[in-house]
>>> print(open('target_39.cif').read())   # mmCIF, C-alpha atoms
data_my_file
#
loop_
_atom_site.label_atom_id
_atom_site.label_comp_id
_atom_site.auth_asym_id
_atom_site.auth_seq_id
_atom_site.Cartn_x
_atom_site.Cartn_y
_atom_site.Cartn_z
CA MET A 649 -40.68 145.14 26.48
CA PRO A 650 -37.28 143.59 27.31
CA VAL A 651 -34.53 144.32 24.82
CA THR A 652 -32.30 141.36 23.84
CA LYS A 653 -29.10 141.75 21.88
CA LEU A 654 -29.30 140.01 18.53
CA ASP A 655 -28.52 140.25 14.82
CA ALA A 656 -31.29 140.78 12.30
CA ILE A 657 -31.84 140.03 8.63
CA VAL A 658 -34.51 141.89 6.67
CA LEU A 659 -35.63 140.13 3.50
CA ALA A 660 -36.31 143.03 1.13
CA ASP A 661 -35.77 141.40 -2.27
CA ASP A 662 -39.45 141.81 -3.18
CA ALA A 663 -40.74 145.00 -4.86
CA LEU A 664 -43.34 145.27 -2.08
CA SER A 665 -40.55 146.20 0.33
CA ARG A 666 -40.62 149.68 -1.23
CA VAL A 667 -44.35 150.21 -0.58
CA ARG A 668 -44.83 153.02 1.94
CA ILE A 669 -47.25 152.71 4.83
CA ALA A 670 -47.68 155.76 7.10
CA GLY A 671 -44.56 157.41 5.76
CA LEU A 672 -42.18 154.43 5.91
CA SER A 673 -41.39 151.81 3.32
CA ALA A 674 -41.97 148.22 4.40
CA ARG A 675 -38.18 147.76 4.32
CA GLU A 676 -37.52 150.78 6.59
CA ARG A 677 -40.23 149.68 8.98
CA ALA A 678 -38.82 146.16 9.27
CA VAL A 679 -35.38 147.57 10.04
CA ARG A 680 -36.83 149.79 12.77
CA VAL A 681 -38.77 146.87 14.24
CA ALA A 682 -35.57 144.83 14.42
CA THR A 683 -33.69 147.71 16.03
CA LYS A 684 -36.48 148.37 18.51
CA LEU A 685 -36.34 144.71 19.59
CA GLY A 686 -32.60 144.87 20.29
CA ALA A 687 -30.85 144.21 16.97
CA GLU A 688 -27.38 145.74 17.06
CA ARG A 689 -26.67 144.85 13.43
CA VAL A 690 -29.21 144.62 10.63
CA PHE A 691 -28.47 143.15 7.21
CA VAL A 692 -30.94 144.05 4.46
CA VAL A 693 -31.14 141.39 1.76
CA GLU A 694 -31.85 142.92 -1.64
CA GLY A 695 -30.63 140.15 -3.91
CA ASN A 696 -27.21 139.76 -2.28
CA HIS A 697 -27.81 136.64 -0.19
CA GLU A 698 -24.25 135.37 -0.48
CA ASP A 699 -22.90 138.41 1.40
CA LEU A 700 -24.56 137.09 4.55
CA THR A 701 -21.71 134.66 5.14
CA THR A 702 -19.14 137.47 5.41
CA TRP A 703 -21.46 139.81 7.29
CA ARG A 704 -22.00 137.57 10.29
CA ALA A 705 -19.26 136.04 12.39
CA PRO A 706 -19.98 132.47 13.56
CA THR A 707 -21.68 131.97 16.95
CA SER A 708 -22.37 135.69 17.38
CA GLY A 709 -25.79 135.33 19.02
CA PRO A 710 -29.45 134.97 18.06
CA VAL A 711 -30.68 135.96 14.60
CA LEU A 712 -34.03 137.56 13.84
CA VAL A 713 -35.33 137.25 10.27
CA LEU A 714 -38.15 139.53 9.06
CA ARG A 715 -39.96 139.55 5.75
CA ALA A 716 -40.34 143.07 4.33
CA ASP A 717 -42.99 142.30 1.71
CA GLN A 718 -45.71 143.21 4.22
CA LEU A 719 -46.41 145.73 6.95
CA VAL A 720 -44.58 144.61 10.09
CA HIS A 721 -44.73 146.01 13.60
CA THR A 722 -43.15 145.05 16.90
CA GLY A 723 -46.07 142.78 17.77
CA LEU A 724 -44.88 140.35 15.10
CA ALA A 725 -41.49 139.52 16.61
CA ALA A 726 -41.68 140.68 20.23
CA PRO A 727 -43.32 137.39 21.36
CA LEU A 728 -40.50 135.51 19.62
CA VAL A 729 -37.88 137.49 21.52
CA ASP A 730 -39.72 136.88 24.79
CA ASN A 731 -40.15 133.13 24.14
CA ARG A 732 -36.98 132.31 22.21
CA PRO A 733 -35.59 128.75 22.46
CA ASN A 734 -32.15 128.14 23.95
CA ASN A 735 -30.93 126.42 20.79
CA GLY A 736 -33.29 126.17 17.87
CA ILE A 737 -35.72 127.93 15.57
CA ALA A 738 -38.90 129.74 16.58
CA ILE A 739 -41.34 131.29 14.13
CA ALA A 740 -44.23 133.73 14.45
CA VAL A 741 -47.59 132.30 13.44
CA ASP A 742 -51.08 133.72 13.12
CA ARG A 743 -54.21 132.38 14.80
CA ASP A 744 -54.48 129.71 12.12
CA ASP A 745 -50.93 128.54 12.93
CA ALA A 746 -49.64 129.78 9.55
CA TYR A 747 -46.13 131.24 9.24
CA ALA A 748 -46.42 135.04 9.56
CA GLY A 749 -43.01 136.22 8.32
CA ALA A 750 -40.66 136.28 11.34
CA ILE A 751 -38.03 133.76 12.43
CA LEU A 752 -35.82 133.77 15.53
CA ALA A 753 -32.92 131.31 15.60
CA THR A 754 -30.54 130.77 18.51
CA GLY A 755 -27.38 128.78 19.18
CA ALA A 756 -26.02 126.65 16.37
CA ALA A 757 -29.38 126.96 14.59
CA ALA A 758 -28.72 130.70 14.13
CA ASP A 759 -25.57 130.06 12.09
CA ASP A 760 -27.39 127.36 10.11
CA VAL A 761 -30.24 129.73 9.25
CA VAL A 762 -27.79 132.39 8.05
CA ALA A 763 -25.96 129.84 5.90
CA ARG A 764 -29.20 128.59 4.35
CA LEU A 765 -30.35 132.13 3.56
CA ALA A 766 -26.91 132.86 2.04
CA ARG A 767 -27.44 129.90 -0.32
CA GLY A 768 -30.71 131.47 -1.45
CA GLU A 769 -33.05 129.18 0.49
CA ARG A 770 -36.44 130.75 1.13
CA ASP A 771 -37.45 131.66 4.65
CA THR A 772 -40.73 129.80 4.13
CA ILE A 773 -38.73 126.56 3.74
CA ILE A 774 -36.64 127.29 6.82
CA ALA A 775 -39.83 127.97 8.80
CA ASN A 776 -40.87 124.34 8.25
CA ASP A 777 -38.00 123.26 10.52
CA ALA A 778 -39.10 125.38 13.47
CA GLU A 779 -39.28 123.65 16.84
CA VAL A 780 -41.26 126.50 18.44
CA ARG A 781 -44.32 128.25 17.05
CA VAL A 782 -45.34 131.50 18.78
CA GLU A 783 -48.59 133.33 18.03
CA HIS A 784 -47.90 136.96 17.21
CA GLY A 785 -49.52 139.99 18.83
CA THR A 786 -52.60 141.92 17.72
CA VAL A 787 -50.84 144.65 15.71
CA ALA A 788 -48.12 142.63 14.02
CA CYS A 789 -48.33 142.36 10.24
CA HIS A 790 -50.62 142.87 7.27
CA PRO A 791 -50.37 142.19 3.53
CA ILE A 792 -49.85 145.24 1.30
CA ARG A 793 -50.20 143.90 -2.25
CA THR A 794 -53.45 145.64 -3.20
CA ARG A 795 -54.87 149.08 -2.52
CA ASP A 796 -57.49 147.62 -0.17
CA GLU A 797 -54.81 145.72 1.75
CA ARG A 798 -52.74 148.86 2.11
CA ARG A 799 -55.76 150.80 3.35
CA ALA A 800 -56.43 148.05 5.90
CA ALA A 801 -52.74 148.03 6.89
CA HIS A 802 -52.95 151.76 7.64
CA ALA A 803 -56.07 151.22 9.75
CA LEU A 804 -54.38 148.41 11.69
CA LEU A 805 -51.31 150.51 12.37
CA TYR A 806 -53.25 153.56 13.49
CA SER A 807 -55.21 151.42 15.97
CA ILE A 808 -52.18 151.54 18.31
CA LEU A 809 -52.65 155.28 18.84
CA ILE A 810 -55.37 154.95 21.46
CA LYS A 811 -53.42 154.65 24.71
CA PRO A 812 -54.79 152.82 27.77
CA GLN A 813 -54.16 155.98 29.85
CA ASP A 814 -56.46 158.06 27.63
CA ASN A 815 -59.45 159.40 29.51
CA ALA A 816 -62.79 160.22 27.90
CA LEU A 817 -61.79 163.83 27.16
CA THR A 818 -58.59 162.78 25.42
CA ARG A 819 -60.29 160.01 23.49
CA TYR A 820 -63.32 161.97 22.30
CA LEU A 821 -62.12 165.59 22.20
CA TYR A 822 -58.39 165.46 21.52
CA ARG A 823 -57.69 162.31 19.49
CA PRO A 824 -60.33 163.06 16.80
CA ILE A 825 -58.34 166.22 15.97
CA SER A 826 -54.78 165.01 16.64
CA LEU A 827 -55.15 161.78 14.64
CA PRO A 828 -55.82 163.50 11.29
CA LEU A 829 -52.85 165.81 11.98
CA THR A 830 -50.66 162.81 12.75
CA LYS A 831 -51.74 161.04 9.57
CA LEU A 832 -50.46 164.05 7.64
CA LEU A 833 -47.26 164.56 9.62
CA VAL A 834 -46.08 160.93 9.34
CA TRP A 835 -45.53 161.52 5.62
CA THR A 836 -43.11 164.35 6.34
CA ARG A 837 -39.60 164.42 7.82
CA ILE A 838 -40.87 166.11 10.98
CA SER A 839 -39.73 164.12 14.01
CA PRO A 840 -41.62 163.68 17.30
CA ASN A 841 -38.97 165.70 19.16
CA GLN A 842 -39.36 168.56 16.69
CA VAL A 843 -43.10 168.54 17.38
CA SER A 844 -42.42 168.67 21.13
CA ILE A 845 -40.05 171.61 20.70
CA PHE A 846 -42.58 173.43 18.51
CA VAL A 847 -45.26 172.82 21.15
CA GLY A 848 -42.90 174.31 23.73
CA LEU A 849 -42.53 177.44 21.60
CA ILE A 850 -46.30 177.68 21.22
CA VAL A 851 -46.70 177.39 24.98
CA VAL A 852 -44.17 180.20 25.52
CA LEU A 853 -46.17 182.44 23.17
CA GLY A 854 -49.44 181.47 24.87
CA CYS A 855 -48.05 182.18 28.34
CA TYR A 856 -46.65 185.52 27.20
CA LEU A 857 -50.04 186.62 25.88
CA SER A 858 -51.86 185.23 28.93
CA ALA A 859 -49.62 187.28 31.23
CA GLN A 860 -50.80 190.57 29.70
CA ALA A 861 -53.32 192.85 31.39
CA ASN A 862 -55.49 192.98 28.26
CA MET A 863 -58.28 190.40 28.56
CA ASN A 864 -58.36 189.74 24.81
CA TYR A 865 -54.70 188.79 24.93
CA VAL A 866 -55.45 186.31 27.70
CA ILE A 867 -58.20 184.71 25.63
CA ALA A 868 -55.87 184.46 22.65
CA GLY A 869 -53.03 183.07 24.80
CA THR A 870 -55.25 180.44 26.39
CA ALA A 871 -56.57 179.41 22.97
CA ILE A 872 -53.00 179.08 21.69
CA ILE A 873 -52.06 176.86 24.63
CA LEU A 874 -55.13 174.70 23.97
CA ALA A 875 -54.10 174.40 20.30
CA GLY A 876 -50.63 173.41 21.50
CA GLN A 877 -52.16 170.60 23.56
CA TYR A 878 -53.87 169.24 20.47
CA LEU A 879 -50.56 169.29 18.63
CA ASP A 880 -48.84 167.82 21.69
CA CYS A 881 -50.78 164.60 21.13
CA CYS A 882 -49.08 164.23 17.75
CA ASP A 883 -45.50 163.74 18.93
CA GLY A 884 -46.29 160.51 20.74
CA GLU A 885 -48.54 159.33 17.93
CA ILE A 886 -45.83 159.89 15.32
CA ALA A 887 -43.29 158.14 17.53
CA ARG A 888 -45.46 155.05 17.91
CA VAL A 889 -46.43 154.84 14.25
CA LYS A 890 -42.90 155.38 12.91
CA LEU A 891 -41.14 153.46 15.71
CA LEU A 892 -39.25 156.55 16.87
CA SER A 893 -40.06 156.33 20.58
CA SER A 894 -37.09 157.11 22.80
CA ARG A 895 -36.38 157.80 26.44
CA PHE A 896 -35.23 161.31 25.56
CA GLY A 897 -38.37 161.96 23.52
CA ALA A 898 -40.60 160.80 26.37
CA TRP A 899 -38.79 163.09 28.81
CA LEU A 900 -38.90 166.03 26.40
CA ASP A 901 -42.64 165.60 25.92
CA THR A 902 -43.47 165.29 29.59
CA ILE A 903 -41.20 168.19 30.64
CA VAL A 904 -42.88 170.46 28.09
CA ASP A 905 -46.25 169.39 29.50
CA GLU A 906 -45.33 170.08 33.12
CA LEU A 907 -43.59 173.40 32.45
CA SER A 908 -46.56 174.57 30.41
CA SER A 909 -48.84 173.92 33.41
CA VAL A 910 -46.59 175.89 35.76
CA GLY A 911 -46.00 178.63 33.18
CA TYR A 912 -49.69 179.13 32.45
CA MET A 913 -50.59 179.30 36.15
CA ALA A 914 -47.88 181.91 36.72
CA ALA A 915 -48.93 183.83 33.59
CA ILE A 916 -52.56 184.02 34.70
CA GLY A 917 -51.40 185.09 38.16
CA TRP A 918 -49.36 187.94 36.69
CA HIS A 919 -52.32 188.93 34.52
CA CYS A 920 -54.55 189.11 37.60
CA HIS A 921 -51.92 191.18 39.39
CA GLN A 922 -52.04 193.73 36.56
CA TYR A 923 -55.75 193.58 35.68
CA PHE A 924 -57.42 193.36 39.11
CA GLY A 925 -54.78 195.02 41.29
CA ARG A 926 -53.53 194.26 44.77
CA ASN A 927 -56.65 195.55 46.52
CA TYR A 928 -59.11 193.24 44.74
CA PHE A 929 -59.80 191.43 48.04
CA GLY A 930 -59.40 194.61 50.12
CA ASP A 931 -56.29 196.06 51.70
CA LEU A 932 -54.50 192.92 52.88
CA GLY A 933 -51.09 194.54 53.24
CA LEU A 934 -49.68 192.40 50.45
CA ASP A 935 -50.39 191.59 46.84
CA PRO A 936 -52.62 188.46 46.94
CA TRP A 937 -51.90 187.57 43.32
CA ILE A 938 -48.12 187.60 43.73
CA THR A 939 -48.43 185.67 46.99
CA MET A 940 -50.66 183.00 45.50
CA MET A 941 -48.51 182.83 42.39
CA THR A 942 -45.42 182.22 44.53
CA ILE A 943 -47.20 179.53 46.53
CA GLY A 944 -48.42 178.00 43.29
CA VAL A 945 -44.95 177.82 41.76
CA ILE A 946 -43.58 176.20 44.94
CA THR A 947 -46.38 173.63 45.20
CA TYR A 948 -46.26 172.83 41.48
CA GLY A 949 -42.48 172.39 41.69
CA TRP A 950 -42.73 170.15 44.74
CA SER A 951 -45.49 168.09 43.12
CA MET A 952 -43.36 167.61 40.02
CA TYR A 953 -40.48 166.37 42.20
CA CYS A 954 -42.73 163.85 44.00
CA ILE A 955 -44.33 162.67 40.75
CA TYR A 956 -41.05 162.17 38.93
CA TYR A 957 -39.42 160.52 41.92
CA ASN A 958 -42.35 158.10 41.83
CA ILE A 959 -42.27 157.28 38.13
CA ILE A 960 -38.46 157.08 37.92
CA VAL A 961 -37.64 155.21 41.12
CA ALA A 962 -40.73 153.03 41.55
CA VAL A 963 -42.51 152.79 38.18
CA GLY A 964 -39.61 153.00 35.72
CA SER A 965 -41.30 155.41 33.34
CA ALA A 966 -40.82 158.84 31.82
CA ASN A 967 -44.55 159.57 31.55
CA SER A 968 -46.31 161.35 34.40
CA GLN A 969 -49.53 159.57 33.41
CA ASP A 970 -47.94 156.39 34.81
CA TYR A 971 -47.88 157.84 38.34
CA VAL A 972 -48.91 155.27 40.95
CA GLY A 973 -50.17 156.22 44.41
CA LYS A 974 -49.74 152.90 46.19
CA PHE A 975 -47.52 149.86 45.73
CA ASP A 976 -47.43 146.23 46.80
CA VAL A 977 -44.16 144.47 47.60
CA VAL A 978 -43.78 141.24 45.58
CA PRO A 979 -40.92 138.74 45.22
CA GLY A 980 -38.18 139.72 42.78
CA ASP A 981 -36.25 137.60 40.28
CA ALA A 982 -33.11 137.18 42.42
CA PRO A 983 -32.86 135.53 45.86
CA ASN A 984 -33.78 137.84 48.77
CA SER A 985 -34.96 140.49 46.32
CA VAL A 986 -38.30 142.22 45.97
CA ARG A 987 -39.85 144.69 43.60
CA LEU A 988 -42.66 147.20 43.78
CA ARG A 989 -45.87 146.48 41.91
CA PRO A 990 -48.64 149.07 41.50
CA ALA A 991 -51.44 148.21 43.91
CA THR A 992 -54.72 147.32 42.27
CA PRO A 993 -57.02 150.32 42.63
CA THR A 994 -60.32 149.82 44.38
CA ALA A 995 -63.10 150.54 41.93
CA ILE A 996 -66.12 152.59 42.98
CA ALA A 997 -69.24 150.43 42.80
CA THR A 998 -71.25 152.94 40.79
CA LYS A 999 -74.04 150.44 40.15
CA ASP A 1000 -75.05 150.70 43.81
CA LEU A 1001 -75.18 154.51 43.76
CA PRO A 1002 -78.03 156.84 42.76
CA PRO A 1003 -77.75 157.83 39.06
CA TRP A 1004 -76.59 161.39 39.78
CA LEU A 1005 -73.95 160.22 42.25
CA ALA A 1006 -72.79 157.47 39.90
CA PHE A 1007 -72.33 160.13 37.19
CA VAL A 1008 -70.25 162.28 39.58
CA ALA A 1009 -68.14 159.30 40.69
CA THR A 1010 -67.45 158.35 37.09
CA TYR A 1011 -66.59 161.73 35.63
CA ALA A 1012 -65.39 163.83 38.58
CA PRO A 1013 -61.79 162.55 38.24
CA TYR A 1014 -61.63 164.13 34.78
CA ILE A 1015 -61.93 167.69 36.15
CA VAL A 1016 -58.41 167.51 37.59
CA ARG A 1017 -56.93 166.49 34.27
CA ARG A 1018 -54.79 169.02 32.42
CA ASP A 1019 -56.81 168.72 29.21
CA PHE A 1020 -60.10 169.52 30.96
CA ILE A 1021 -58.54 172.37 32.97
CA THR A 1022 -57.30 174.09 29.80
CA ILE A 1023 -60.74 173.93 28.20
CA LEU A 1024 -62.30 175.29 31.40
CA THR A 1025 -59.78 178.16 31.63
CA LEU A 1026 -60.53 179.13 28.03
CA VAL A 1027 -64.25 179.30 28.86
CA LEU A 1028 -63.56 181.37 31.97
CA ALA A 1029 -61.23 183.68 30.05
CA ALA A 1030 -63.93 184.22 27.43
CA LEU A 1031 -66.29 185.17 30.28
CA HIS A 1032 -63.62 187.53 31.70
CA LEU A 1033 -63.38 185.39 34.84
CA THR A 1034 -59.62 184.94 34.77
CA GLN A 1035 -59.43 185.54 38.52
CA LEU A 1036 -61.50 182.38 38.99
CA SER A 1037 -59.19 180.48 36.61
CA PHE A 1038 -56.16 181.52 38.62
CA LEU A 1039 -57.75 180.65 41.97
CA LEU A 1040 -58.66 177.20 40.67
CA LEU A 1041 -55.18 176.62 39.24
CA ALA A 1042 -53.45 177.78 42.42
CA ALA A 1043 -55.76 175.74 44.63
CA GLY A 1044 -55.23 172.72 42.38
CA GLY A 1045 -51.48 173.04 42.89
CA VAL A 1046 -51.91 173.01 46.67
CA VAL A 1047 -54.30 170.04 46.65
CA THR A 1048 -52.04 168.08 44.31
CA ALA A 1049 -49.03 168.82 46.52
CA VAL A 1050 -50.86 167.49 49.58
CA ILE A 1051 -51.89 164.28 47.80
CA VAL A 1052 -48.52 163.48 46.23
CA THR A 1053 -46.67 164.40 49.43
CA LYS A 1054 -48.67 161.79 51.30
CA ASP A 1055 -47.87 159.21 48.60
CA HIS A 1056 -44.22 160.29 48.55
CA ILE A 1057 -43.81 159.81 52.30
CA ALA A 1058 -45.46 156.38 52.08
CA LEU A 1059 -43.14 155.35 49.22
CA ARG A 1060 -40.05 156.54 51.11
CA ARG A 1061 -41.12 154.63 54.20
CA LEU A 1062 -41.77 151.51 52.16
CA ARG A 1063 -38.31 151.65 50.60
CA ARG A 1064 -36.66 152.19 53.98
CA ALA A 1065 -38.60 149.26 55.49
CA ILE A 1066 -37.32 147.00 52.71
CA GLU A 1067 -33.74 148.13 53.39
CA ARG A 1068 -34.09 147.55 57.15
CA GLU A 1069 -35.28 144.02 56.51
CA GLY A 1070 -32.08 143.36 54.58
CA ARG A 1071 -33.85 142.73 51.29
CA PHE A 1072 -32.70 143.99 47.90
CA LEU A 1073 -35.11 146.22 45.96
CA GLU A 1074 -34.89 145.58 42.24
CA SER A 1075 -34.96 148.53 39.87
CA PRO A 1076 -38.18 148.91 37.90
CA ALA A 1077 -38.01 147.73 34.30
CA ARG A 1078 -39.90 149.45 31.48
#
>>> encode(input="target_39.cif", output="structure tokens")
Amino acid sequence: MPVTKLDAIVLADDALSRVRIAGLSARERAVRVATKLGAERVFVVEGNHEDLTTWRAPTSGPVLVLRADQLVHTGLAAPLVDNRPNNGIAIAVDRDDAYAGAILATGAAADDVVARLARGERDTIIANDAEVRVEHGTVACHPIRTRDERRAAHALLYSILIKPQDNALTRYLYRPISLPLTKLLVWTRISPNQVSIFVGLIVVLGCYLSAQANMNYVIAGTAIILAGQYLDCCDGEIARVKLLSSRFGAWLDTIVDELSSVGYMAAIGWHCHQYFGRNYFGDLGLDPWITMMTIGVITYGWSMYCIYYNIIVAVGSANSQDYVGKFDVVPGDAPNSVRLRPATPTAIATKDLPPWLAFVATYAPYIVRRDFITILTLVLAALHLTQLSFLLLAAGGVVTAVIVTKDHIALRRLRRAIEREGRFLESPAR
């Protein structure tokens, strides 16, 4: 969402502002919502309304007002920020057009709103003077007065944890375990970045064990890495629930993910080198495991470069799940400018296929996902088929490199064509 510079006032003079939902008091959550939406200064009103006049300099920009006697999330005020008036008052409303507890004032109206709040005027009265009424988002606010309301507020907040990128394996095998863990961790001081670092340490231990010649160590190492993947889901979940998402955190999480994939492939390769020996495929004059491991590291590294070039330069993301293979060129916001938009994927018409082929077309893409691969490698390790695990991982690295290289060349050519035509390519915004 776009971030707009503004001031914010959090009305926390009600005892409900101290009620904690998912580890944060309503007051703390409102402050984080304001900050997430671009507030550079936040004034928390706890009975000291008159101090507002000295806190804010006149004509210093838009003002966002949030009530902290309820659960609030970014969906409450983000539509206000996106649809703010040039000079006036906008309020967030629910589907019944009732005031929902967020005001955005701009221009001279912003100073007037601050002055009225400083005199002790209620925000509900100020809301009656709004020129613009904006319906809030789905996960926006919820009352927290009773135990049932607080339970429902928790359920509403946790509904944001199912990401659109989640595949069936993540949704039905990983989230059911990670969500309960997250619901415990949000009540602690553990940060998402600390979870990511701990996952990284777990991965190091798992790779170390997986690199040993002893097959039982490999099984244990693979199981540890799988456990780390379950915990890895928690960092993003905590960040979304507690409004702690950051660019650095996203990069830390995704780098740990990618390095764990490369590290595990190399670890299994070294295990095969020790356990099966260089003559497993006959006397080839070289060690096949070391050779394939080297090729795997190179192809994995190249794939990571292509993927991150794509998501940084063209998508504007720090999450490898946002990788886009093809783009359309669409008009930009400035004259003679264009931007890249992910091309709409062509869906496979499974309804016209035989049932068995429709099943394959629907679920085959999941077998190249990291979460499925880890489960498969654990099964193969338990069956003492680690050589098959390594061959699949190494081959997967080569296939991925071929696919992303093709996409990378196409993206480079597209960018050069735009430059040759004398058009300006806008940077992606996320």
>>> residues_around(input="target_39.cif", residues="Asn862 in chain A", least_positions_apart="3", cutoff="10 Å", atoms="all atoms listed in the file", output="list in words")
Leu857, Ser858, Ala859, Tyr865, Val866, Ile867, His919, Gln922 and Tyr923 of chain A
>>> atom_distance(input="target_39.cif", atom1="CA of Ile943 in chain A", atom2="CA of Ala914 in chain A")
10.1 Å
>>> atom_distance(input="target_39.cif", atom1="CA of Cys855 in chain A", atom2="CA of Thr1053 in chain A")
27.6 Å
>>> residues_around(input="target_39.cif", residues="Ala1029 in chain A", least_positions_apart="4", cutoff="8 Å", atoms="all atoms listed in the file", output="MDAnalysis selection string")
chainID A and resid 863 866:867 870 1025 1033:1034 1037
>>> write_last_selection(input="target_39.cif", atoms="C-alpha atoms", output="CSV table (one decimal), keeping the file's coordinate frame")
chain,number,residue,atom,x,y,z
A,863,MET,CA,-58.3,190.4,28.6
A,866,VAL,CA,-55.4,186.3,27.7
A,867,ILE,CA,-58.2,184.7,25.6
A,870,THR,CA,-55.2,180.4,26.4
A,1025,THR,CA,-59.8,178.2,31.6
A,1033,LEU,CA,-63.4,185.4,34.8
A,1034,THR,CA,-59.6,184.9,34.8
A,1037,SER,CA,-59.2,180.5,36.6
>>> residues_around(input="target_39.cif", residues="Asp744 in chain A", least_positions_apart="4", cutoff="12 Å", atoms="only C-alpha atoms", output="JSON list (two decimals) with C-alpha atoms, in the coordinates of the input")
[["chain", "number", "residue", "atom", "x", "y", "z"],
["A", 740, "ALA", "CA", -44.23, 133.73, 14.45],
["A", 748, "ALA", "CA", -46.42, 135.04, 9.56],
["A", 781, "ARG", "CA", -44.32, 128.25, 17.05],
["A", 782, "VAL", "CA", -45.34, 131.50, 18.78],
["A", 783, "GLU", "CA", -48.59, 133.33, 18.03],
["A", 784, "HIS", "CA", -47.90, 136.96, 17.21]]
